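First the structure, in the form of structure tokens, and then the observations on it.
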Amino acid sequence: MPLIDDPRAKLLIANHGRRVMIALAVAGLLALIVAAGIALTPPTTMATEQTDRQTIETTGAVSADVVDEEEWDGISDDGSTYLIDASPVVDIEPRTTAPDGTEVTHRATVQIEGSRDGDVFWYEEKVLAKEAVTVEDGEATSSVSIDVVDLQQDLADLQQRLAGVGSVQTSVHLQTEYDTGRYQGDLSTSSNLIVTDRAYWFESDLSDSASPDTTVTVERTESPNWLAVSLSGLVGLLLLTGAGTVRAADPESMDIDAIKQEIHRRRYADWISTGSIPMWVGNNYIELDTLEDVVDVAIDTKERVVHDRRRDLFAVITGNVVYYYSKIGNWDEGAWPSMDLPEPDESVNVGGGRWIRQGVTTRRRA
């Protein structure tokens with residue numbers, strides 16, 4: 001693995017292997033615990049919801065019967081403009097749709113205002129009807145009538161009294177109080193009623209509605225962040241694998257000097273060449289403490305450092321002087337490695353015969 005191939009990592013493991021292994025193992029377990037926690041405890045959010053929604057709607061259906069259909073043949077039944085002589089009475093039917101059992105109170109009024117420059121200086125209200133009904137089959141209705149002839153006369157008298165002072169405006173208002181058992185409220189709608197000397201009409205429809213509901217706070221569980229789970233789990237496995245690798249590397253058996261030498265070799269690779277150094281080169285041998293010292297000599301003398309891999313020897317050769325570093329030992333030990341020779345008087349089998357070494361004399365015995 002790249003971790004073990006890196007000499008710096010090897011040096012760290014050699015010096016602090018046990019602590020590194022424990023740290024990696026603990027960090028790996030924590031990462032796996034975090035991943036499990038994210039997966040098993042998904043996030044929750046608080047949200048508001050509207051429940052038990054009910055709809056209540058009130059409309060005022062306007063109609064006017066023709067008193068003499070033969071005389072007024074051709075007048076539209078559902079027209080929005082009515083002739084006073086043909087239909088002197090206008091009917092308004094307040095109609096409320098709501099859940100069955102809802103208690104409803106319809107209140108219809110006619111309001112007359114005298115105003116000047118937008119300011120009301122004269123006001124009159126006439127209650128046409130106020131009726132309490134209960135919703136059945138989803139609907140509750142009432143009935144209101146306005147005698148337009150009487151209203152026209154009242155308006156003419158008022159306009160005469162207010163002539164030159166201000167204008168007169170007439171409007172019809174419909175208020176609905178409701179109680180569904182769960183919700184209570186009011187609906188209100190109005191329309192200007194225009195009355196001339198020959199006709200009348202409403203400027204807008206009479207309608208209003210409400211949809212009361214109950215707002216509740218609910219806790220929603222969202223989907224876990226699977227990306228975070230995957231990343232935490234992967235990190236945990238990598239850390240545990242690293243801990244196992246450190247343990248398998250056997251820090252106690254590592255050669256710290258060799259590791260440091262490899263670090264220096266890689267650091268100063270531009271100054272080092274690989275080659276074979278003859279044992280008899282030079283007359284003077286100066287042993288240096290570190291490979292860095294050898295590189296410094298090479299830099300100062302503008303020479304190359306030669307790495308003899310057979311003896312693991314680094315040397316700078318300048319004239320008859322050899323500056324070297326070897327973790328094996330001094331130059332002679334590197335040049336003439338120790339040999340495990342037999343002790344005196346110990347016989348050695350060579351080529352089918354037996355050689356007996358006695359003191360400094362060696363002879364062969366058949």
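Residue numbering restarts at 1 in every chain; chains get A, B, ... in the order shown in the structure tokens, and ligands count up from 1 in that same order.
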Subject >> For segment 274-286 of chain A: contacts at 10 Å, only C-alpha atoms, fewer than 6 positions along chain excluded, given as number ranges by chain >> reply: A: 304-311, 313-325, 330-332, 334-336
**OP:** Output as a PyMOL selection string all residues of segment 84-155 of chain A that backbone DSSP marks as alpha helix (DSSP H).
**Re:** chain A and resi 148-155
Emit the selected residues as a compact mmCIF listing (two decimals), in the first residue's frame, including all heavy atoms.
# COMPACT_ATOMS: atom_id res chain seq x y z
N VAL A 148 -89.28 48.84 -4.91
CA VAL A 148 -88.46 49.84 -5.58
C VAL A 148 -89.24 51.14 -5.77
O VAL A 148 -88.65 52.23 -5.75
CB VAL A 148 -87.95 49.29 -6.92
CG1 VAL A 148 -87.05 50.32 -7.61
CG2 VAL A 148 -87.20 47.98 -6.72
N VAL A 149 -90.58 51.06 -5.93
CA VAL A 149 -91.39 52.27 -6.10
C VAL A 149 -91.29 53.14 -4.86
O VAL A 149 -91.06 54.36 -4.93
CB VAL A 149 -92.85 51.92 -6.42
CG1 VAL A 149 -93.70 53.20 -6.50
CG2 VAL A 149 -92.95 51.13 -7.73
N ASP A 150 -91.48 52.52 -3.66
CA ASP A 150 -91.35 53.28 -2.41
C ASP A 150 -89.93 53.82 -2.25
O ASP A 150 -89.73 54.97 -1.81
CB ASP A 150 -91.70 52.39 -1.22
CG ASP A 150 -93.18 52.05 -1.18
OD1 ASP A 150 -93.96 52.74 -1.87
OD2 ASP A 150 -93.54 51.09 -0.47
N LEU A 151 -88.93 52.97 -2.59
CA LEU A 151 -87.54 53.41 -2.47
C LEU A 151 -87.28 54.58 -3.40
O LEU A 151 -86.58 55.55 -3.03
CB LEU A 151 -86.61 52.23 -2.79
CG LEU A 151 -85.10 52.55 -2.76
CD1 LEU A 151 -84.66 53.02 -1.38
CD2 LEU A 151 -84.30 51.32 -3.19
N GLN A 152 -87.83 54.52 -4.63
CA GLN A 152 -87.63 55.61 -5.59
C GLN A 152 -88.21 56.92 -5.05
O GLN A 152 -87.59 57.98 -5.17
CB GLN A 152 -88.28 55.24 -6.92
CG GLN A 152 -88.07 56.28 -8.01
CD GLN A 152 -88.90 55.98 -9.25
OE1 GLN A 152 -90.10 55.65 -9.12
NE2 GLN A 152 -88.29 56.08 -10.43
N GLN A 153 -89.38 56.84 -4.41
CA GLN A 153 -90.01 58.03 -3.87
C GLN A 153 -89.16 58.62 -2.73
O GLN A 153 -88.95 59.83 -2.64
CB GLN A 153 -91.42 57.70 -3.36
CG GLN A 153 -92.21 58.91 -2.85
CD GLN A 153 -92.42 59.95 -3.93
OE1 GLN A 153 -92.86 59.62 -5.04
NE2 GLN A 153 -92.13 61.22 -3.65
N ASP A 154 -88.65 57.72 -1.83
CA ASP A 154 -87.81 58.19 -0.73
C ASP A 154 -86.55 58.87 -1.26
O ASP A 154 -86.11 59.91 -0.72
CB ASP A 154 -87.43 57.03 0.18
CG ASP A 154 -88.64 56.47 0.92
OD1 ASP A 154 -89.67 57.18 1.01
OD2 ASP A 154 -88.54 55.31 1.41
N LEU A 155 -85.98 58.29 -2.29
CA LEU A 155 -84.76 58.86 -2.84
C LEU A 155 -85.03 60.21 -3.50
O LEU A 155 -84.22 61.14 -3.41
CB LEU A 155 -84.12 57.89 -3.86
CG LEU A 155 -83.57 56.58 -3.28
CD1 LEU A 155 -83.07 55.68 -4.41
CD2 LEU A 155 -82.43 56.86 -2.31
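One finds atom CA of Glu93 of chain A at 4.7 Å from atom CA of Ser143 of chain A.
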Original post:
So which residues touch Val90 of chain A within 6 Å, counting only C-alpha atoms, skipping near sequence neighbours fewer than 5 positions away, as an NGL selection string?
Top reply: :A and (63-64 or 145-146)
Original post:
Quick one: distance from atom CA of Gly236 of chain A to atom CA of Leu32 of chain A in Å, one decimal?
Top reply: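 Atom-to-atom, atom CA of Gly236 of chain A and atom CA of Leu32 of chain A are spaced 5.2 Å apart.
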Original post:
Skipping near chain neighbours, those fewer than 2 positions away, what residues fall within 6 Å of Thr58 of chain A using only C-alpha atoms, listed as number ranges by chain?
Top reply: A: 95-96, 207-208
Residue subset to file, keeping N, CA and C atoms, as an mmCIF file, in the first residue's frame:
data_model
loop_
_atom_site.group_PDB
_atom_site.id
_atom_site.type_symbol
_atom_site.label_atom_id
_atom_site.label_comp_id
_atom_site.auth_asym_id
_atom_site.auth_seq_id
_atom_site.Cartn_x
_atom_site.Cartn_y
_atom_site.Cartn_z
ATOM 1 N N ARG A 95 -78.504 32.969 0.156
ATOM 2 C CA ARG A 95 -78.344 31.514 0.109
ATOM 3 C C ARG A 95 -76.937 31.178 0.618
ATOM 4 N N THR A 96 -76.910 30.357 1.645
ATOM 5 C CA THR A 96 -75.629 29.991 2.266
ATOM 6 C C THR A 96 -75.404 28.491 2.146
ATOM 7 N N SER A 207 -71.934 38.346 -3.065
ATOM 8 C CA SER A 207 -71.357 37.036 -2.723
ATOM 9 C C SER A 207 -70.148 37.222 -1.816
ATOM 10 N N ASP A 208 -69.938 36.249 -0.936
ATOM 11 C CA ASP A 208 -68.777 36.233 -0.050
ATOM 12 C C ASP A 208 -68.586 34.797 0.436
#
Which residues of segment 24-141 of chain A come within 12 Å of segment 173-179 of chain A, and what is each one's closest atom pair and distance in Å (one decimal), counting only C-alpha atoms, sorted by chain and residue number, as a Markdown table?
| residue | atom | partner | partner_atom | distance |
| --- | --- | --- | --- | --- |
| A:Gln54 | CA | A:Asp179 | CA | 11.3 |
| A:Thr55 | CA | A:Tyr178 | CA | 11.1 |
| A:Ile56 | CA | A:Tyr178 | CA | 8.3 |
| A:Glu57 | CA | A:Thr176 | CA | 9.3 |
| A:Thr58 | CA | A:Thr176 | CA | 7.3 |
| A:Thr59 | CA | A:Leu174 | CA | 8.7 |
| A:Gly60 | CA | A:Leu174 | CA | 7.6 |
| A:Ala61 | CA | A:Leu174 | CA | 11.1 |
| A:Ile92 | CA | A:Leu174 | CA | 9.7 |
| A:Glu93 | CA | A:Leu174 | CA | 10.1 |
| A:Pro94 | CA | A:Leu174 | CA | 7.6 |
| A:Arg95 | CA | A:Thr176 | CA | 9.6 |
| A:Thr96 | CA | A:Thr176 | CA | 8.2 |
| A:Thr97 | CA | A:Tyr178 | CA | 10.5 |
| A:Ala98 | CA | A:Tyr178 | CA | 8.8 |
| A:Pro99 | CA | A:Asp179 | CA | 9.9 |
| A:Asp100 | CA | A:Asp179 | CA | 10.8 |
| A:Gly101 | CA | A:Asp179 | CA | 8.8 |
| A:Thr102 | CA | A:Asp179 | CA | 5.5 |
| A:Glu103 | CA | A:Asp179 | CA | 5.1 |
| A:Val104 | CA | A:Tyr178 | CA | 4.6 |
| A:Thr105 | CA | A:Glu177 | CA | 5.1 |
| A:His106 | CA | A:Thr176 | CA | 4.8 |
| A:Arg107 | CA | A:Gln175 | CA | 5.2 |
| A:Ala108 | CA | A:Leu174 | CA | 4.6 |
| A:Thr109 | CA | A:His173 | CA | 5.3 |
| A:Val110 | CA | A:His173 | CA | 6.3 |
| A:Gln111 | CA | A:His173 | CA | 7.5 |
| A:Ile112 | CA | A:His173 | CA | 10.9 |
| A:Glu125 | CA | A:His173 | CA | 9.9 |
| A:Lys126 | CA | A:His173 | CA | 10.2 |
| A:Val127 | CA | A:His173 | CA | 9.5 |
| A:Leu128 | CA | A:His173 | CA | 9.8 |
| A:Ala129 | CA | A:Leu174 | CA | 9.7 |
| A:Lys130 | CA | A:Gln175 | CA | 9.3 |
| A:Glu131 | CA | A:Thr176 | CA | 9.8 |
| A:Ala132 | CA | A:Glu177 | CA | 9.0 |
| A:Val133 | CA | A:Tyr178 | CA | 9.8 |
| A:Thr134 | CA | A:Tyr178 | CA | 9.5 |
| A:Val135 | CA | A:Tyr178 | CA | 9.9 |
| A:Ala140 | CA | A:Tyr178 | CA | 10.8 |
| A:Thr141 | CA | A:Thr176 | CA | 11.0 |
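The residue set within 9 Å of Ser115 of chain A, counting only C-alpha atoms and dropping same-chain residues fewer than 2 places from it, reads Glu113, Asp117, Gly118, Asp119, Val120, Phe121, Trp122, Tyr123, Val165, Gly166, Ser167, Val168 and Gln169 of chain A.
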**OP:** Once DSSP has gone over the backbone, tell me which residues of segment 58-175 of chain A are in strand (DSSP E or B), as a PyMOL selection string.
**Re:** chain A and resi 58-63+81-83+89-97+103-116+119-134+136+139-141+144-147+167-175
**OP:** Write out as JSON, numbers by chain which residues come within 10 Å of Asp147 of chain A when counting only C-alpha atoms, dropping same-chain ones fewer than 5 positions away.
**Re:** {"A": [84, 87, 88, 89, 90, 91, 152]}
**OP:** Would you please work out which residue, of A:Val62, A:Lys327, A:Ser232, A:Glu71, is nearest to Val144 of chain A when using only C-alpha atoms?
**Re:**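 When distances to Val144 of chain A are compared using only C-alpha atoms, the smallest one comes from A:Val62.
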Original post:
When distances are computed from only C-alpha atoms, which of A:Glu69, A:Thr41, A:Val26, A:Ser80 shows the smallest separation from Ser223 of chain A?
Top reply: A:Thr41
